[in-house]
Amino acid sequence: MGFLRLKMPPKFKLLALLAFAIAMIFLENKIQRLEESRGKLERVIARHEVREIEQRHIQEGAKVALVEEDDLVVIYNRVPKTASTSFTNIAYDLCNKNHYHVLHINTTKNNPVMSLQDQVRFVKNVTLWKEMKPAFYHGHVSFLDFTKFGVKKKPIYINVIRDPIERLVSYYYFLRFGDDYRPGLRRRKQGDKKTFDDCVAAGGSDCAPEKLWLQIPFFCGHYFECWNIGSKWALEQAKYNLVNEYMLVGVTEELEDFVMMLEAALPRFFKGATELFRTGKKSHLRKTSEKKPPTKESIARLQQSDIWKMENEFYEFTLEQFQYVRAHAVREKDGELYVLAQNFFYEKIYPKTT
């Protein structure tokens, strides 16, 4: 028998080739789709890994930020009779709620200048006393430059000053009649009934222009020239420190605005401070008793002094700086001030993440 050879008609051959081609195209599409799916899966996995890394970085960054916040130190080297007690009471009322420590710097005889050895001790205490951080220090101490002692991380300085004549008048009557903070405490000049006007007319020492020289040296610091009454160098150094070493300096006459701005800038310490200032019972303490406003004649006599002119120049410089900072931080609406929201953001961040 011979082999039976079946010959496929051309029509069926064409159909077979076409079916084969379609099958190959189908398989290639399947393979391509699988490759695309695998690529998408790899990208999803990669993005997930990136997100995990970013999340870890965010968490680590938050931990670092928290550690840094817990390492904060604020120093309020308060000038006498500038409403410093009212402001400090806010810090005491908030310390438990906001979890920080408040420490009063009490110097012998309220001397605002520390000895060199005490300066070293104070800098070490503030810097290394971890158990007391975060901390709010306050006291009648002149500015101290921490960088002179090799400290890398400086504390945050804040302060409040007052119209120099109003501050002196308040201090004059405070020494004689005290205030409503500790009304039973006997003051140094208690029993002296002489008014401020009487003192000015008589050329007394307690109301002399030299007594105005206080806010400049408090900002100038521990240099000899700072306490040289009428020193122009001290005035310029005080201005320099105010601008470069202090985060914020307010004025007694606009204390609520000062508190509001601190709450916005340092919520770690001052969250809730504005409401407490407005409604709290301790925020307006220490009003000097028996205080009589001076006459225009007494004010004019003091204003003839070069010392007043310098202290007033420093006060006006501070006021202008404070109002400039406030103008970029708060707005007024319906007679009420409110803090501006964050007004910056980031864009064009490179390299791009896939």
# chains A, B, ... in the order shown; residues from 1 in each chain; ligands from 1
$ residues_around --residues "segment 309-314 of chain A" --least-positions-apart "5" --cutoff "12 Å" --atoms "only C-alpha atoms" --output "number ranges by chain"
A: 161-168, 209-220, 229-243, 249, 251, 300-304, 319-321
$ select_by_dssp --residues "segment 27-185 of chain A" --states "alpha helix (DSSP H)" --output "JSON, numbers by chain"
{"A": [27, 28, 29, 30, 31, 32, 33, 34, 35, 36, 37, 38, 39, 40, 41, 42, 43, 44, 45, 46, 47, 48, 49, 50, 51, 52, 53, 54, 55, 56, 57, 58, 59, 60, 61, 62, 63, 64, 65, 66, 67, 68, 69, 70, 84, 85, 86, 87, 88, 89, 90, 91, 92, 93, 94, 95, 96, 97, 98, 116, 117, 118, 119, 120, 121, 122, 123, 124, 125, 126, 127, 128, 164, 165, 166, 167, 168, 169, 170, 171, 172, 173, 174, 175, 176, 177]}
$ write_last_selection --atoms "C-alpha atoms" --output "mmCIF file, in the first residue's frame"
data_model
loop_
_atom_site.group_PDB
_atom_site.id
_atom_site.type_symbol
_atom_site.label_atom_id
_atom_site.label_comp_id
_atom_site.auth_asym_id
_atom_site.auth_seq_id
_atom_site.Cartn_x
_atom_site.Cartn_y
_atom_site.Cartn_z
ATOM 1 C CA LEU A 27 -0.662 35.555 23.338
ATOM 2 C CA GLU A 28 1.557 38.577 22.752
ATOM 3 C CA ASN A 29 -1.194 40.886 24.046
ATOM 4 C CA LYS A 30 -1.611 38.662 27.078
ATOM 5 C CA ILE A 31 2.127 38.726 27.704
ATOM 6 C CA GLN A 32 2.249 42.508 27.216
ATOM 7 C CA ARG A 33 -0.660 42.992 29.619
ATOM 8 C CA LEU A 34 1.029 40.758 32.161
ATOM 9 C CA GLU A 35 4.233 42.806 31.770
ATOM 10 C CA GLU A 36 2.272 46.025 32.211
ATOM 11 C CA SER A 37 0.485 44.605 35.265
ATOM 12 C CA ARG A 38 3.791 43.501 36.710
ATOM 13 C CA GLY A 39 5.230 46.977 36.066
ATOM 14 C CA LYS A 40 2.232 48.634 37.737
ATOM 15 C CA LEU A 41 2.526 46.263 40.675
ATOM 16 C CA GLU A 42 6.227 47.030 41.015
ATOM 17 C CA ARG A 43 5.497 50.759 40.913
ATOM 18 C CA VAL A 44 2.749 50.398 43.521
ATOM 19 C CA ILE A 45 5.093 48.396 45.742
ATOM 20 C CA ALA A 46 7.843 50.989 45.202
ATOM 21 C CA ARG A 47 5.497 53.876 46.045
ATOM 22 C CA HIS A 48 4.309 52.021 49.120
ATOM 23 C CA GLU A 49 7.925 51.512 50.214
ATOM 24 C CA VAL A 50 8.647 55.195 49.597
ATOM 25 C CA ARG A 51 5.584 56.193 51.622
ATOM 26 C CA GLU A 52 6.719 53.923 54.433
ATOM 27 C CA ILE A 53 10.170 55.513 54.365
ATOM 28 C CA GLU A 54 8.648 58.999 54.255
ATOM 29 C CA GLN A 55 6.303 58.117 57.103
ATOM 30 C CA ARG A 56 9.227 56.888 59.163
ATOM 31 C CA HIS A 57 11.092 60.105 58.372
ATOM 32 C CA ILE A 58 8.041 62.161 59.359
ATOM 33 C CA GLN A 59 7.676 60.243 62.605
ATOM 34 C CA GLU A 60 11.392 60.539 63.312
ATOM 35 C CA GLY A 61 11.236 64.243 62.422
ATOM 36 C CA ALA A 62 8.267 64.699 64.745
ATOM 37 C CA LYS A 63 10.188 62.980 67.511
ATOM 38 C CA VAL A 64 13.198 65.222 66.858
ATOM 39 C CA ALA A 65 10.946 68.293 66.794
ATOM 40 C CA LEU A 66 9.345 67.200 70.047
ATOM 41 C CA VAL A 67 12.755 66.703 71.633
ATOM 42 C CA GLU A 68 13.848 70.121 70.382
ATOM 43 C CA GLU A 69 10.664 71.719 71.734
ATOM 44 C CA ASP A 70 11.229 70.020 75.065
ATOM 45 C CA SER A 84 5.936 92.139 84.348
ATOM 46 C CA THR A 85 4.094 90.523 87.265
ATOM 47 C CA SER A 86 0.846 90.387 85.296
ATOM 48 C CA PHE A 87 2.590 88.736 82.363
ATOM 49 C CA THR A 88 4.580 86.330 84.539
ATOM 50 C CA ASN A 89 1.403 85.156 86.263
ATOM 51 C CA ILE A 90 0.137 83.999 82.873
ATOM 52 C CA ALA A 91 3.238 81.811 82.542
ATOM 53 C CA TYR A 92 2.641 80.351 86.011
ATOM 54 C CA ASP A 93 -1.017 79.653 85.250
ATOM 55 C CA LEU A 94 -0.161 77.863 81.982
ATOM 56 C CA CYS A 95 2.925 75.870 83.031
ATOM 57 C CA ASN A 96 1.027 72.847 84.347
ATOM 58 C CA LYS A 97 -1.353 72.702 81.385
ATOM 59 C CA ASN A 98 1.370 73.222 78.753
ATOM 60 C CA LEU A 116 31.423 86.719 86.303
ATOM 61 C CA GLN A 117 31.338 83.451 88.258
ATOM 62 C CA ASP A 118 27.564 83.712 88.649
ATOM 63 C CA GLN A 119 27.222 84.346 84.929
ATOM 64 C CA VAL A 120 29.075 81.084 84.281
ATOM 65 C CA ARG A 121 26.936 79.211 86.811
ATOM 66 C CA PHE A 122 23.734 80.620 85.369
ATOM 67 C CA VAL A 123 24.665 79.738 81.786
ATOM 68 C CA LYS A 124 25.552 76.185 82.837
ATOM 69 C CA ASN A 125 22.325 75.799 84.807
ATOM 70 C CA VAL A 126 20.122 77.040 82.002
ATOM 71 C CA THR A 127 21.924 74.953 79.379
ATOM 72 C CA LEU A 128 22.466 71.660 81.217
ATOM 73 C CA PRO A 164 10.079 105.842 80.653
ATOM 74 C CA ILE A 165 8.336 108.602 82.616
ATOM 75 C CA GLU A 166 5.263 106.484 83.295
ATOM 76 C CA ARG A 167 7.525 103.675 84.490
ATOM 77 C CA LEU A 168 9.410 106.023 86.844
ATOM 78 C CA VAL A 169 6.198 107.509 88.265
ATOM 79 C CA SER A 170 4.816 104.019 88.894
ATOM 80 C CA TYR A 171 8.024 102.951 90.620
ATOM 81 C CA TYR A 172 8.096 106.145 92.721
ATOM 82 C CA TYR A 173 4.630 105.485 94.188
ATOM 83 C CA PHE A 174 5.253 101.741 94.424
ATOM 84 C CA LEU A 175 8.119 102.358 96.851
ATOM 85 C CA ARG A 176 5.798 104.432 99.037
ATOM 86 C CA PHE A 177 2.413 102.745 98.842
#
$ atom_distance --atom1 "atom CA of Gly272 of chain A" --atom2 "atom CA of Tyr338 of chain A"
13.8 Å
$ select_by_dssp --residues "segment 151-225 of chain A" --states "strand (DSSP E)" --output "NGL selection string"
:A and (156-161)
